[in-house]
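Colleague: One structure, as structure tokens, below. Some questions next.
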Amino acid sequence: MTFQTLKTGFLVAVLSGLLAACSSTSTEDGSDGVGVSGTGTDGGITTGTTDTGGAYGSDLGAGGIDTVFYFEFDRAVLRPEARAALDIHAQRLRSGDRQVRLEGHADERGTREYNMALGERRANSVKEYLVLQGVNPSQLEVISYGEERPAQLGSDDRSWSLNRRVEMK
Amino acid sequence: MLSTPISAVRQLTFFLLVWLGLALTAQAQLSIEITQGADNPTVIAVSPIEAGASVLPENISEIVAADLRRSGLFKTIDRANMLSFPRVQSEVFFRDWRVLGTEYLVYGQAERQADGRLKVTFSLVEVLGEKTVLSQVVHGNDSNLRDIAHYISDKVYEAITGIRGAFSTRIAYVTAIPGRDSKLVYRLMVADADGARERLVLESREPLMSPAWSPDGKELAYVSFETGRPAIFRQRLGDANREQLTDFRGLNGAPAWSPDGRKLALVLSKDGNPEIYTLDLASRQFTRITNHFGIDTEPNWTPDGKALIFTSDRGGAPQIYKVALASGELERLTFRGNYNARPRLAPDGRTLVMVHRDGGSFHIASQDLVSGDFRVLTSTYLDESPTVAPNGAMLLYATKRGTQNLLAAVSIDAGVRFLLPARQGDVREPAWSPFLD
């Protein structure tokens, strides 16, 4: 457990952002080169397609294997059709030490922190299945984004079903 | 007749200190649309409060009138219909106001002092009784006229309703707006309770969520994904000093400051599933409060600091529970419907507000913890994140109109409703500040 005091860099960031926010073209221009630098991810929203690229490369989806798995509303149970792809992932992961992020997501309905928990529960379902297939748990990291990074922005059944997902990266 | 100019000066000085360095005024992003007011609003006139020939940068009386209208309890007389513009008592002709049906009148003036500062006097009179209810002097300058106006609103509201005004408070919220590359940019913002003077607190390309005010109103705790994982931070508003408080595997979420400011309640899943902990901010000790394989999240303190209320799906669906910190005794609070979550308590400790699923739709509901009286307060779409004003009169929440997330408000008795639409982008997760003095 470490506690970091990050005063200086963020004072600059906040003041820069403040100036951007106060300029006449605030909302568009404030977004570039200002603020927090992410250190662990590619920093963008994902598109929900199987080839999401990102910091860990795109080899996970090699051979057209699914890397995104979908769930029912308020549920975290793997669909049977996910198993074939996950079996192949398990086989590949067993043969190396590839690190994988399992990013859990929820649709926009319900409360945000509860959806964070739900996203984590979904990602844990994928993790548990892979571990049962012999993957070393230390290769798998679970991160929940809740409803904060939708793959689709719409408020309809189709968008919601595409947002209730776990992405392997 | 009351006069407390000293406390007024102290209050305004405080604002200046808190917002030093952040006082540049961005164009207000939020605007107000009142959709429903009280059935029998009190009719009040706010005569122009001006500084003679010296033009002020803000229209004090318009800000006061807008504050009072937004409470839903008042109907204001348009300036165009006023027969006179009294500045001092000798200029008040009660006949002018009676004919307009005015029940209360606010009048006053600003005087430019030799040092350039402003001396603002204001009075509240009851028109029928021809009685002065309130008369005060406030000192300020051109840069804090909105503070002066909200101070006047607070005093007028309290004198008439008996409830402390909350117009001088602030709201924090999160916006998500696509940047030039069309990826979302998340911003933690703070604005006045009327949406004006919006200020940037933090900007990130990774999600920001769950802002929570410290009880002294000087800091925010929130969740940021800037490290690639969720982590809880605290940040002072005046000097932008910030500190990362948690860095555990799994969830680090839902911070809530204890009423004495010494602890945070929060959610960690480092032990396998989401559990509620408290963090002692001085000793850095974490104490686990819940222990169940279900989801435990969204903690909030009771006003006495002795218990937490939280969301748990330990019964099969999310419901609201209360746990006493000393004994660990657990009590389920909600039973209506199969989804009640994100609880907040009104300052009276008795009125619970929450997100409630009613059929397929999500609304804000309240439950009286003594009488059990349960009511759905909102009728908008996908309502979430309720936050109660420090005077308990109104609550803000996030809702959706079309594809846009926006903020809305409803009085705790559901009689008054208004929307605070943003000009563009999504606004979510409002957090109403405590009283700031």
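Going through the structure tokens in order, the chains are called A, B, and so on, while each chain numbers its residues from 1 and the ligands are numbered from 1 in the order shown.
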Which residues, written as a PDB file with N, CA, C and O atoms, in the first residue's frame, have at least one atom at most 9 Å from Trp160 in chain A, with only C-alpha atoms counted and residues fewer than 6 positions away on the same chain left out?
Modeller:
ATOM      1  N   PHE A  73     -28.943  -9.383 -18.529  1.00  0.00           N
ATOM      2  CA  PHE A  73     -29.136  -8.263 -17.612  1.00  0.00           C
ATOM      3  C   PHE A  73     -29.017  -8.717 -16.155  1.00  0.00           C
ATOM      4  O   PHE A  73     -29.641  -9.702 -15.749  1.00  0.00           O
ATOM      5  N   ALA A 106     -20.897  -3.191 -17.764  1.00  0.00           N
ATOM      6  CA  ALA A 106     -22.337  -3.321 -17.534  1.00  0.00           C
ATOM      7  C   ALA A 106     -23.058  -2.349 -18.464  1.00  0.00           C
ATOM      8  O   ALA A 106     -22.459  -1.427 -19.004  1.00  0.00           O
ATOM      9  N   ASP A 107     -24.352  -2.547 -18.643  1.00  0.00           N
ATOM     10  CA  ASP A 107     -25.113  -1.541 -19.387  1.00  0.00           C
ATOM     11  C   ASP A 107     -25.472  -0.383 -18.446  1.00  0.00           C
ATOM     12  O   ASP A 107     -25.190  -0.421 -17.251  1.00  0.00           O
ATOM     13  N   GLU A 108     -26.071   0.665 -19.007  1.00  0.00           N
ATOM     14  CA  GLU A 108     -26.244   1.909 -18.248  1.00  0.00           C
ATOM     15  C   GLU A 108     -27.348   1.838 -17.199  1.00  0.00           C
ATOM     16  O   GLU A 108     -27.470   2.744 -16.382  1.00  0.00           O
ATOM     17  N   ARG A 109     -28.169   0.784 -17.227  1.00  0.00           N
ATOM     18  CA  ARG A 109     -29.286   0.722 -16.293  1.00  0.00           C
ATOM     19  C   ARG A 109     -28.791   0.343 -14.900  1.00  0.00           C
ATOM     20  O   ARG A 109     -27.911  -0.476 -14.742  1.00  0.00           O
ATOM     21  N   PRO A 150     -19.081   2.412 -22.291  1.00  0.00           N
ATOM     22  CA  PRO A 150     -19.967   1.628 -23.147  1.00  0.00           C
ATOM     23  C   PRO A 150     -19.349   1.369 -24.517  1.00  0.00           C
ATOM     24  O   PRO A 150     -18.641   2.212 -25.063  1.00  0.00           O
ATOM     25  N   GLN A 152     -21.417   0.736 -27.004  1.00  0.00           N
ATOM     26  CA  GLN A 152     -22.440   1.407 -27.813  1.00  0.00           C
ATOM     27  C   GLN A 152     -23.083   2.482 -26.951  1.00  0.00           C
ATOM     28  O   GLN A 152     -23.371   2.247 -25.787  1.00  0.00           O
ATOM     29  N   LEU A 153     -23.353   3.651 -27.551  1.00  0.00           N
ATOM     30  CA  LEU A 153     -23.884   4.757 -26.751  1.00  0.00           C
ATOM     31  C   LEU A 153     -25.404   4.788 -26.682  1.00  0.00           C
ATOM     32  O   LEU A 153     -25.975   5.565 -25.949  1.00  0.00           O
ATOM     33  N   GLY A 154     -26.098   3.952 -27.421  1.00  0.00           N
ATOM     34  CA  GLY A 154     -27.555   4.023 -27.461  1.00  0.00           C
ATOM     35  C   GLY A 154     -28.225   3.545 -26.187  1.00  0.00           C
ATOM     36  O   GLY A 154     -27.619   2.859 -25.363  1.00  0.00           O
TER      37      GLY A 154
END
Colleague: Tell me which protein, DNA and RNA residues are within 7 Å of Ile60 in chain B, counting only C-alpha atoms, leaving out same-chain ones fewer than 2 positions away, and put them as a list in words.
Modeller: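 So the residues in contact are Ile49, Glu58, Glu62, Ile63, Val64, Leu145, Arg146 and Ala149 of chain B.
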Colleague: So which bits of range 56-165 of chain A end up strand (DSSP E or B) when you DSSP the backbone, as a VMD selection string?
Modeller: chain A and resid 68 to 70 100 to 105 140 to 146 165
Colleague: What's around Leu162 in chain A at 8 Å? Count only C-alpha atoms, leave out sequence neighbours fewer than 4 positions away in its own chain, and write the answer as a PyMOL selection string.
Modeller: chain A and resi 48+70+151-152+158
Colleague: Would you mind reading off the distance between CA of Trp97 in chain B and CA of Pro41 in chain B, one decimal, in Å?
Modeller: 16.4 Å
Colleague: With only C-alpha atoms as the counted atoms, please give the residues lying no more than 8 Å from Glu148 in chain A, apart from itself and same-chain residues fewer than 2 positions off, as an MDAnalysis selection string.
Modeller: (chainID A and resid 105 112 145:146 150) or (chainID B and resid 207)
Colleague: Please report, as a compact mmCIF listing (two decimals) with N, CA and C atoms, in the first residue's frame, each residue of range 42-166 of chain A to which DSSP assigns alpha helix (DSSP H) when run on this structure's backbone.
Modeller:
# COMPACT_ATOMS: atom_id res chain seq x y z
N ALA A 82 -19.94 -19.24 -25.10
CA ALA A 82 -18.64 -18.62 -24.85
C ALA A 82 -17.56 -19.67 -24.63
N ARG A 83 -17.99 -20.88 -24.27
CA ARG A 83 -17.00 -21.87 -23.80
C ARG A 83 -16.02 -22.29 -24.88
N ALA A 84 -16.48 -22.46 -26.10
CA ALA A 84 -15.58 -22.93 -27.17
C ALA A 84 -14.40 -21.98 -27.32
N ALA A 85 -14.73 -20.67 -27.39
CA ALA A 85 -13.65 -19.69 -27.55
C ALA A 85 -12.75 -19.67 -26.32
N LEU A 86 -13.36 -19.74 -25.13
CA LEU A 86 -12.56 -19.67 -23.91
C LEU A 86 -11.65 -20.89 -23.77
N ASP A 87 -12.13 -22.05 -24.27
CA ASP A 87 -11.27 -23.24 -24.23
C ASP A 87 -10.01 -23.02 -25.07
N ILE A 88 -10.19 -22.39 -26.21
CA ILE A 88 -9.01 -22.12 -27.06
C ILE A 88 -8.09 -21.11 -26.37
N HIS A 89 -8.69 -20.07 -25.77
CA HIS A 89 -7.86 -19.10 -25.03
C HIS A 89 -7.10 -19.80 -23.91
N ALA A 90 -7.78 -20.71 -23.21
CA ALA A 90 -7.14 -21.40 -22.09
C ALA A 90 -5.94 -22.21 -22.58
N GLN A 91 -6.15 -22.88 -23.70
CA GLN A 91 -5.08 -23.69 -24.27
C GLN A 91 -3.85 -22.81 -24.59
N ARG A 92 -4.11 -21.68 -25.23
CA ARG A 92 -3.01 -20.79 -25.60
C ARG A 92 -2.32 -20.22 -24.36
N LEU A 93 -3.13 -19.84 -23.36
CA LEU A 93 -2.54 -19.22 -22.17
C LEU A 93 -1.73 -20.22 -21.37
N ARG A 94 -2.17 -21.48 -21.35
CA ARG A 94 -1.43 -22.51 -20.62
C ARG A 94 -0.03 -22.71 -21.19
N ARG A 112 -24.27 3.26 -10.70
CA ARG A 112 -22.92 3.15 -11.26
C ARG A 112 -21.99 2.27 -10.44
N GLU A 113 -22.01 2.44 -9.13
CA GLU A 113 -21.10 1.62 -8.31
C GLU A 113 -21.59 0.17 -8.25
N TYR A 114 -22.89 -0.04 -8.24
CA TYR A 114 -23.39 -1.42 -8.30
C TYR A 114 -22.97 -2.05 -9.63
N ASN A 115 -23.02 -1.27 -10.69
CA ASN A 115 -22.59 -1.79 -12.00
C ASN A 115 -21.09 -2.06 -12.04
N MET A 116 -20.32 -1.30 -11.26
CA MET A 116 -18.89 -1.63 -11.13
C MET A 116 -18.74 -3.03 -10.54
N ALA A 117 -19.52 -3.31 -9.51
CA ALA A 117 -19.47 -4.64 -8.89
C ALA A 117 -19.94 -5.71 -9.86
N LEU A 118 -20.96 -5.40 -10.62
CA LEU A 118 -21.50 -6.36 -11.59
C LEU A 118 -20.47 -6.64 -12.70
N GLY A 119 -19.81 -5.60 -13.16
CA GLY A 119 -18.77 -5.78 -14.19
C GLY A 119 -17.65 -6.66 -13.68
N GLU A 120 -17.30 -6.47 -12.42
CA GLU A 120 -16.24 -7.30 -11.83
C GLU A 120 -16.70 -8.76 -11.72
N ARG A 121 -17.95 -8.93 -11.33
CA ARG A 121 -18.47 -10.30 -11.19
C ARG A 121 -18.44 -11.01 -12.55
N ARG A 122 -18.77 -10.30 -13.61
CA ARG A 122 -18.72 -10.90 -14.96
C ARG A 122 -17.29 -11.27 -15.34
N ALA A 123 -16.37 -10.35 -15.09
CA ALA A 123 -14.97 -10.64 -15.43
C ALA A 123 -14.47 -11.82 -14.60
N ASN A 124 -14.93 -11.91 -13.34
CA ASN A 124 -14.52 -13.05 -12.50
C ASN A 124 -15.09 -14.36 -13.03
N SER A 125 -16.28 -14.32 -13.64
CA SER A 125 -16.83 -15.54 -14.24
C SER A 125 -15.91 -16.06 -15.33
N VAL A 126 -15.41 -15.14 -16.16
CA VAL A 126 -14.49 -15.54 -17.23
C VAL A 126 -13.20 -16.07 -16.62
N LYS A 127 -12.70 -15.35 -15.61
CA LYS A 127 -11.45 -15.77 -14.97
C LYS A 127 -11.60 -17.17 -14.37
N GLU A 128 -12.69 -17.39 -13.65
CA GLU A 128 -12.88 -18.69 -13.00
C GLU A 128 -12.95 -19.81 -14.03
N TYR A 129 -13.60 -19.54 -15.15
CA TYR A 129 -13.68 -20.57 -16.18
C TYR A 129 -12.29 -20.89 -16.72
N LEU A 130 -11.50 -19.85 -16.98
CA LEU A 130 -10.15 -20.07 -17.51
C LEU A 130 -9.27 -20.81 -16.51
N VAL A 131 -9.41 -20.46 -15.23
CA VAL A 131 -8.61 -21.13 -14.20
C VAL A 131 -9.01 -22.60 -14.09
N LEU A 132 -10.32 -22.86 -14.22
CA LEU A 132 -10.77 -24.26 -14.21
C LEU A 132 -10.16 -25.04 -15.38
N ASP A 157 -32.32 -1.94 -26.37
CA ASP A 157 -31.97 -3.32 -26.00
C ASP A 157 -30.69 -3.78 -26.70
N ARG A 158 -30.55 -3.40 -27.96
CA ARG A 158 -29.38 -3.87 -28.70
C ARG A 158 -28.08 -3.29 -28.12
N SER A 159 -28.10 -1.96 -27.87
CA SER A 159 -26.91 -1.34 -27.28
C SER A 159 -26.61 -1.93 -25.91
N TRP A 160 -27.67 -2.08 -25.11
CA TRP A 160 -27.46 -2.61 -23.76
C TRP A 160 -26.84 -4.02 -23.83
N SER A 161 -27.33 -4.86 -24.75
CA SER A 161 -26.82 -6.24 -24.80
C SER A 161 -25.36 -6.25 -25.25
N LEU A 162 -24.96 -5.28 -26.07
CA LEU A 162 -23.56 -5.21 -26.50
C LEU A 162 -22.65 -4.63 -25.41
N ASN A 163 -23.26 -3.90 -24.48
CA ASN A 163 -22.47 -3.30 -23.41
C ASN A 163 -22.25 -4.24 -22.22
Colleague: With chain A as the partner and 7 Å as the cut-off, tabulate the residues of chain B that qualify, each row holding the nearest pair of atoms and their distance in Å to one decimal, using only C-alpha atoms, sorted by chain and rising number, as a Markdown table.
Modeller:
| residue | atom | partner | partner_atom | distance |
| --- | --- | --- | --- | --- |
| B:Thr25 | CA | A:Cys22 | CA | 6.7 |
| B:Ala26 | CA | A:Cys22 | CA | 4.6 |
| B:Gly179 | CA | A:Ser31 | CA | 5.4 |
| B:Arg180 | CA | A:Glu28 | CA | 6.5 |
| B:Lys183 | CA | A:Gly44 | CA | 5.5 |
| B:Leu184 | CA | A:Ile45 | CA | 6.8 |
| B:Val185 | CA | A:Ser31 | CA | 6.3 |
| B:Leu200 | CA | A:Leu18 | CA | 5.7 |
| B:Val201 | CA | A:Val14 | CA | 6.4 |
| B:Leu202 | CA | A:Val14 | CA | 5.8 |
| B:Glu203 | CA | A:Gly35 | CA | 4.9 |
| B:Ser204 | CA | A:Val36 | CA | 4.8 |
| B:Arg205 | CA | A:Gly43 | CA | 5.9 |
| B:Glu206 | CA | A:Gly43 | CA | 6.1 |
| B:Pro207 | CA | A:Glu148 | CA | 6.3 |
| B:Glu226 | CA | A:Gly38 | CA | 4.7 |
| B:Thr227 | CA | A:Thr39 | CA | 5.5 |
| B:Gly228 | CA | A:Gly40 | CA | 4.4 |
| B:Arg229 | CA | A:Ile143 | CA | 6.5 |
| B:Ala240 | CA | A:Leu11 | CA | 5.5 |
| B:Asn241 | CA | A:Lys7 | CA | 4.8 |
| B:Arg242 | CA | A:Lys7 | CA | 5.8 |
| B:Glu243 | CA | A:Thr5 | CA | 4.7 |
| B:Gln244 | CA | A:Gln4 | CA | 5.6 |
| B:Leu245 | CA | A:Phe3 | CA | 6.0 |
| B:Asp247 | CA | A:Met1 | CA | 6.6 |
| B:Gly250 | CA | A:Ile143 | CA | 6.2 |
| B:Ala254 | CA | A:Glu113 | CA | 6.4 |
| B:Pro274 | CA | A:Ala117 | CA | 6.6 |
| B:Ile295 | CA | A:Ala117 | CA | 6.6 |
| B:Thr297 | CA | A:Tyr114 | CA | 6.4 |
| B:Glu298 | CA | A:Glu113 | CA | 6.4 |
| B:Ala341 | CA | A:Thr111 | CA | 6.8 |
| B:Arg342 | CA | A:Thr111 | CA | 6.5 |
| B:Leu382 | CA | A:Arg109 | CA | 6.6 |
| B:Glu384 | CA | A:Thr111 | CA | 6.1 |
| B:Thr403 | CA | A:Gly154 | CA | 6.6 |
Colleague: Output N, CA, C and O atoms for every residue in the selection just made, as a compact mmCIF listing (two decimals), in the first residue's frame.
Modeller:
# COMPACT_ATOMS: atom_id res chain seq x y z
N THR B 25 -14.06 32.62 -14.16
CA THR B 25 -15.40 32.14 -14.41
C THR B 25 -15.53 31.59 -15.81
O THR B 25 -15.41 32.31 -16.78
N ALA B 26 -15.73 30.30 -15.90
CA ALA B 26 -16.03 29.69 -17.18
C ALA B 26 -17.48 29.98 -17.54
O ALA B 26 -18.29 30.23 -16.66
N GLY B 179 -13.79 14.11 -27.17
CA GLY B 179 -12.76 15.05 -27.58
C GLY B 179 -12.64 15.07 -29.09
O GLY B 179 -13.44 14.49 -29.81
N ARG B 180 -11.58 15.74 -29.58
CA ARG B 180 -11.40 15.86 -31.03
C ARG B 180 -11.27 14.51 -31.71
O ARG B 180 -11.69 14.32 -32.84
N LYS B 183 -12.86 10.23 -28.72
CA LYS B 183 -12.83 9.47 -27.48
C LYS B 183 -13.32 10.38 -26.35
O LYS B 183 -13.08 11.57 -26.34
N LEU B 184 -13.96 9.74 -25.35
CA LEU B 184 -14.54 10.54 -24.28
C LEU B 184 -13.46 11.20 -23.41
O LEU B 184 -12.44 10.60 -23.10
N VAL B 185 -13.74 12.44 -23.03
CA VAL B 185 -12.93 13.14 -22.04
C VAL B 185 -13.80 13.30 -20.80
O VAL B 185 -14.92 13.80 -20.88
N LEU B 200 -13.40 23.66 -13.53
CA LEU B 200 -12.80 22.34 -13.75
C LEU B 200 -11.97 21.95 -12.53
O LEU B 200 -11.13 22.70 -12.07
N VAL B 201 -12.22 20.76 -12.01
CA VAL B 201 -11.41 20.24 -10.91
C VAL B 201 -10.35 19.28 -11.44
O VAL B 201 -9.20 19.32 -11.04
N LEU B 202 -10.74 18.41 -12.36
CA LEU B 202 -9.81 17.43 -12.90
C LEU B 202 -10.32 16.95 -14.24
O LEU B 202 -11.53 16.79 -14.43
N GLU B 203 -9.39 16.70 -15.15
CA GLU B 203 -9.74 16.20 -16.47
C GLU B 203 -8.93 14.95 -16.75
O GLU B 203 -7.75 14.87 -16.39
N SER B 204 -9.55 13.95 -17.37
CA SER B 204 -8.85 12.70 -17.63
C SER B 204 -9.41 12.03 -18.86
O SER B 204 -10.58 12.16 -19.19
N ARG B 205 -8.57 11.26 -19.56
CA ARG B 205 -9.06 10.43 -20.67
C ARG B 205 -9.58 9.10 -20.15
O ARG B 205 -10.12 8.31 -20.92
N GLU B 206 -9.38 8.82 -18.88
CA GLU B 206 -9.91 7.60 -18.26
C GLU B 206 -11.08 7.99 -17.37
O GLU B 206 -11.15 9.12 -16.89
N PRO B 207 -12.00 7.06 -17.11
CA PRO B 207 -13.20 7.43 -16.35
C PRO B 207 -12.91 8.07 -14.99
O PRO B 207 -11.97 7.70 -14.30
N GLU B 226 -7.12 6.67 -13.87
CA GLU B 226 -5.93 7.17 -14.56
C GLU B 226 -4.75 6.22 -14.49
O GLU B 226 -3.84 6.29 -15.32
N THR B 227 -4.70 5.32 -13.49
CA THR B 227 -3.60 4.36 -13.40
C THR B 227 -3.88 3.10 -14.21
O THR B 227 -3.07 2.17 -14.20
N GLY B 228 -5.02 3.08 -14.90
CA GLY B 228 -5.42 1.87 -15.63
C GLY B 228 -6.32 0.98 -14.80
O GLY B 228 -6.83 -0.03 -15.29
N ARG B 229 -6.50 1.34 -13.54
CA ARG B 229 -7.38 0.62 -12.62
C ARG B 229 -8.12 1.66 -11.80
O ARG B 229 -7.65 2.79 -11.65
N ALA B 240 -5.55 22.42 -5.45
CA ALA B 240 -5.38 21.30 -6.37
C ALA B 240 -4.46 20.22 -5.81
O ALA B 240 -4.05 19.32 -6.52
N ASN B 241 -4.10 20.28 -4.53
CA ASN B 241 -3.31 19.22 -3.92
C ASN B 241 -4.14 17.94 -3.88
O ASN B 241 -5.25 17.95 -3.40
N ARG B 242 -3.58 16.85 -4.41
CA ARG B 242 -4.35 15.61 -4.43
C ARG B 242 -3.50 14.44 -4.00
O ARG B 242 -2.28 14.47 -4.06
N GLU B 243 -4.17 13.40 -3.55
CA GLU B 243 -3.48 12.26 -2.96
C GLU B 243 -4.23 10.99 -3.32
O GLU B 243 -5.46 10.95 -3.23
N GLN B 244 -3.49 9.96 -3.72
CA GLN B 244 -4.12 8.67 -4.00
C GLN B 244 -4.26 7.91 -2.69
O GLN B 244 -3.28 7.72 -1.97
N LEU B 245 -5.48 7.46 -2.37
CA LEU B 245 -5.72 6.82 -1.08
C LEU B 245 -5.73 5.30 -1.16
O LEU B 245 -5.49 4.64 -0.16
N ASP B 247 -4.95 1.62 -3.67
CA ASP B 247 -4.31 1.04 -4.85
C ASP B 247 -4.36 -0.48 -4.73
O ASP B 247 -3.36 -1.16 -4.84
N GLY B 250 -8.62 -5.02 -7.88
CA GLY B 250 -10.09 -5.07 -7.89
C GLY B 250 -10.72 -3.71 -7.68
O GLY B 250 -10.13 -2.67 -7.99
N ALA B 254 -16.73 4.03 -4.54
CA ALA B 254 -17.83 4.54 -3.72
C ALA B 254 -17.38 5.22 -2.43
O ALA B 254 -17.89 4.92 -1.36
N PRO B 274 -16.90 -7.62 -3.54
CA PRO B 274 -17.00 -6.25 -3.01
C PRO B 274 -17.47 -6.21 -1.55
O PRO B 274 -18.52 -6.76 -1.22
N ILE B 295 -22.69 -8.81 -3.39
CA ILE B 295 -22.18 -7.47 -3.64
C ILE B 295 -22.60 -6.56 -2.48
O ILE B 295 -23.78 -6.46 -2.17
N THR B 297 -22.01 -2.56 -1.55
CA THR B 297 -21.43 -1.35 -2.16
C THR B 297 -22.26 -0.11 -1.79
O THR B 297 -23.26 -0.20 -1.09
N GLU B 298 -21.79 1.04 -2.28
CA GLU B 298 -22.50 2.32 -2.14
C GLU B 298 -22.78 2.69 -0.69
O GLU B 298 -23.91 3.02 -0.32
N ALA B 341 -31.23 0.77 -4.63
CA ALA B 341 -29.77 0.90 -4.56
C ALA B 341 -29.36 2.36 -4.37
O ALA B 341 -30.16 3.27 -4.47
N ARG B 342 -28.05 2.56 -4.14
CA ARG B 342 -27.40 3.88 -4.00
C ARG B 342 -28.16 4.74 -3.00
O ARG B 342 -28.67 5.81 -3.33
N LEU B 382 -34.43 6.58 -16.57
CA LEU B 382 -33.13 6.09 -16.08
C LEU B 382 -32.54 7.02 -15.02
O LEU B 382 -31.41 7.50 -15.16
N GLU B 384 -30.85 8.23 -11.60
CA GLU B 384 -29.86 7.64 -10.69
C GLU B 384 -29.13 8.73 -9.92
O GLU B 384 -29.35 9.92 -10.13
N THR B 403 -30.62 10.72 -25.82
CA THR B 403 -29.38 10.02 -25.53
C THR B 403 -28.50 10.85 -24.59
O THR B 403 -27.36 10.48 -24.32
Colleague: Would you kindly return, as number ranges by chain, each protein, DNA or RNA residue with an atom no farther than 8 Å from any atom of Lys400 in chain B, considering only C-alpha atoms and excluding same-chain residues fewer than 2 positions away?
Modeller: B: 380-383, 398, 402-406
Colleague: The selected residues should be written to file as a short mmCIF file (atom, residue, chain, number, x, y, z; two decimals), in the first residue's frame (atoms: all heavy atoms).
Modeller:
data_model
loop_
_atom_site.label_atom_id
_atom_site.label_comp_id
_atom_site.auth_asym_id
_atom_site.auth_seq_id
_atom_site.Cartn_x
_atom_site.Cartn_y
_atom_site.Cartn_z
N THR B 380 -38.93 10.82 -14.67
CA THR B 380 -38.06 10.91 -15.84
C THR B 380 -37.50 9.51 -16.15
O THR B 380 -38.02 8.52 -15.67
CB THR B 380 -36.95 11.95 -15.58
OG1 THR B 380 -36.59 11.91 -14.20
CG2 THR B 380 -37.44 13.35 -15.88
N TYR B 381 -36.42 9.44 -16.95
CA TYR B 381 -36.00 8.17 -17.52
C TYR B 381 -34.60 7.80 -17.02
O TYR B 381 -33.70 8.63 -17.05
CB TYR B 381 -36.01 8.33 -19.04
CG TYR B 381 -35.56 7.13 -19.82
CD1 TYR B 381 -36.25 5.93 -19.73
CD2 TYR B 381 -34.46 7.22 -20.64
CE1 TYR B 381 -35.83 4.83 -20.45
CE2 TYR B 381 -34.05 6.12 -21.38
CZ TYR B 381 -34.74 4.93 -21.28
OH TYR B 381 -34.32 3.85 -21.99
N LEU B 382 -34.43 6.58 -16.57
CA LEU B 382 -33.13 6.09 -16.08
C LEU B 382 -32.54 7.02 -15.02
O LEU B 382 -31.41 7.50 -15.16
CB LEU B 382 -32.14 5.92 -17.25
CG LEU B 382 -32.40 4.75 -18.18
CD1 LEU B 382 -31.34 4.71 -19.29
CD2 LEU B 382 -32.41 3.42 -17.44
N ASP B 383 -33.32 7.26 -13.98
CA ASP B 383 -32.89 8.18 -12.93
C ASP B 383 -31.90 7.49 -12.00
O ASP B 383 -32.09 6.33 -11.63
CB ASP B 383 -34.11 8.66 -12.14
CG ASP B 383 -35.16 9.29 -13.05
OD1 ASP B 383 -34.76 9.80 -14.12
OD2 ASP B 383 -36.35 9.25 -12.71
N ALA B 398 -29.35 12.35 -11.50
CA ALA B 398 -28.99 12.28 -12.91
C ALA B 398 -30.08 11.53 -13.65
O ALA B 398 -30.67 10.58 -13.13
CB ALA B 398 -27.65 11.57 -13.08
N GLY B 402 -33.56 11.57 -24.27
CA GLY B 402 -33.00 11.11 -25.53
C GLY B 402 -31.74 10.32 -25.21
O GLY B 402 -31.77 9.42 -24.38
N THR B 403 -30.62 10.72 -25.82
CA THR B 403 -29.38 10.02 -25.53
C THR B 403 -28.50 10.85 -24.59
O THR B 403 -27.36 10.48 -24.32
CB THR B 403 -28.58 9.75 -26.82
OG1 THR B 403 -28.35 11.02 -27.46
CG2 THR B 403 -29.35 8.85 -27.77
N GLN B 404 -29.03 11.96 -24.09
CA GLN B 404 -28.20 12.84 -23.26
C GLN B 404 -28.43 12.60 -21.77
O GLN B 404 -29.57 12.56 -21.30
CB GLN B 404 -28.51 14.31 -23.58
CG GLN B 404 -27.49 15.26 -22.96
CD GLN B 404 -27.88 16.71 -23.09
OE1 GLN B 404 -29.06 17.05 -23.19
NE2 GLN B 404 -26.90 17.59 -23.08
N ASN B 405 -27.36 12.43 -21.02
CA ASN B 405 -27.43 12.39 -19.56
C ASN B 405 -27.45 13.83 -19.06
O ASN B 405 -26.63 14.64 -19.48
CB ASN B 405 -26.21 11.67 -18.98
CG ASN B 405 -26.25 10.19 -19.26
OD1 ASN B 405 -27.13 9.49 -18.79
ND2 ASN B 405 -25.31 9.71 -20.04
N LEU B 406 -28.36 14.13 -18.15
CA LEU B 406 -28.42 15.48 -17.61
C LEU B 406 -28.84 15.41 -16.15
O LEU B 406 -29.23 14.36 -15.66
CB LEU B 406 -29.37 16.37 -18.42
CG LEU B 406 -30.85 16.06 -18.41
CD1 LEU B 406 -31.64 17.28 -18.85
CD2 LEU B 406 -31.19 14.91 -19.33
#
Colleague: Point out the residue among B:Leu237, B:Ala38, B:Val353, B:Leu68 with the least atom-to-atom distance to Phe167 in chain B, counting only C-alpha atoms.
Modeller: B:Leu68
Colleague: Mind pulling up the distance from CA of Ile320 in chain B to CA of Arg332 in chain B?
Modeller: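 Computed distance, CA of Arg332 in chain B to CA of Ile320 in chain B, equals 6.1 Å.
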Colleague: Once you count only C-alpha atoms, what closest atom pair and distance in Å to one decimal does each residue of range 31-125 of chain B within 6 Å of range 412-422 of chain B have, with rows by chain and rising residue number, as JSON lines?
Modeller:
{"residue": "B:Ser31", "atom": "CA", "partner": "B:Leu420", "partner_atom": "CA", "distance": 5.3}
{"residue": "B:Ile32", "atom": "CA", "partner": "B:Leu420", "partner_atom": "CA", "distance": 4.7}
{"residue": "B:Glu33", "atom": "CA", "partner": "B:Leu419", "partner_atom": "CA", "distance": 5.1}
{"residue": "B:Ile34", "atom": "CA", "partner": "B:Phe418", "partner_atom": "CA", "distance": 4.1}
{"residue": "B:Thr35", "atom": "CA", "partner": "B:Phe418", "partner_atom": "CA", "distance": 5.0}
{"residue": "B:Gln36", "atom": "CA", "partner": "B:Arg417", "partner_atom": "CA", "distance": 4.9}
{"residue": "B:Gly37", "atom": "CA", "partner": "B:Val416", "partner_atom": "CA", "distance": 4.6}
{"residue": "B:Ala38", "atom": "CA", "partner": "B:Gly415", "partner_atom": "CA", "distance": 5.5}
{"residue": "B:Gly72", "atom": "CA", "partner": "B:Val416", "partner_atom": "CA", "distance": 5.4}
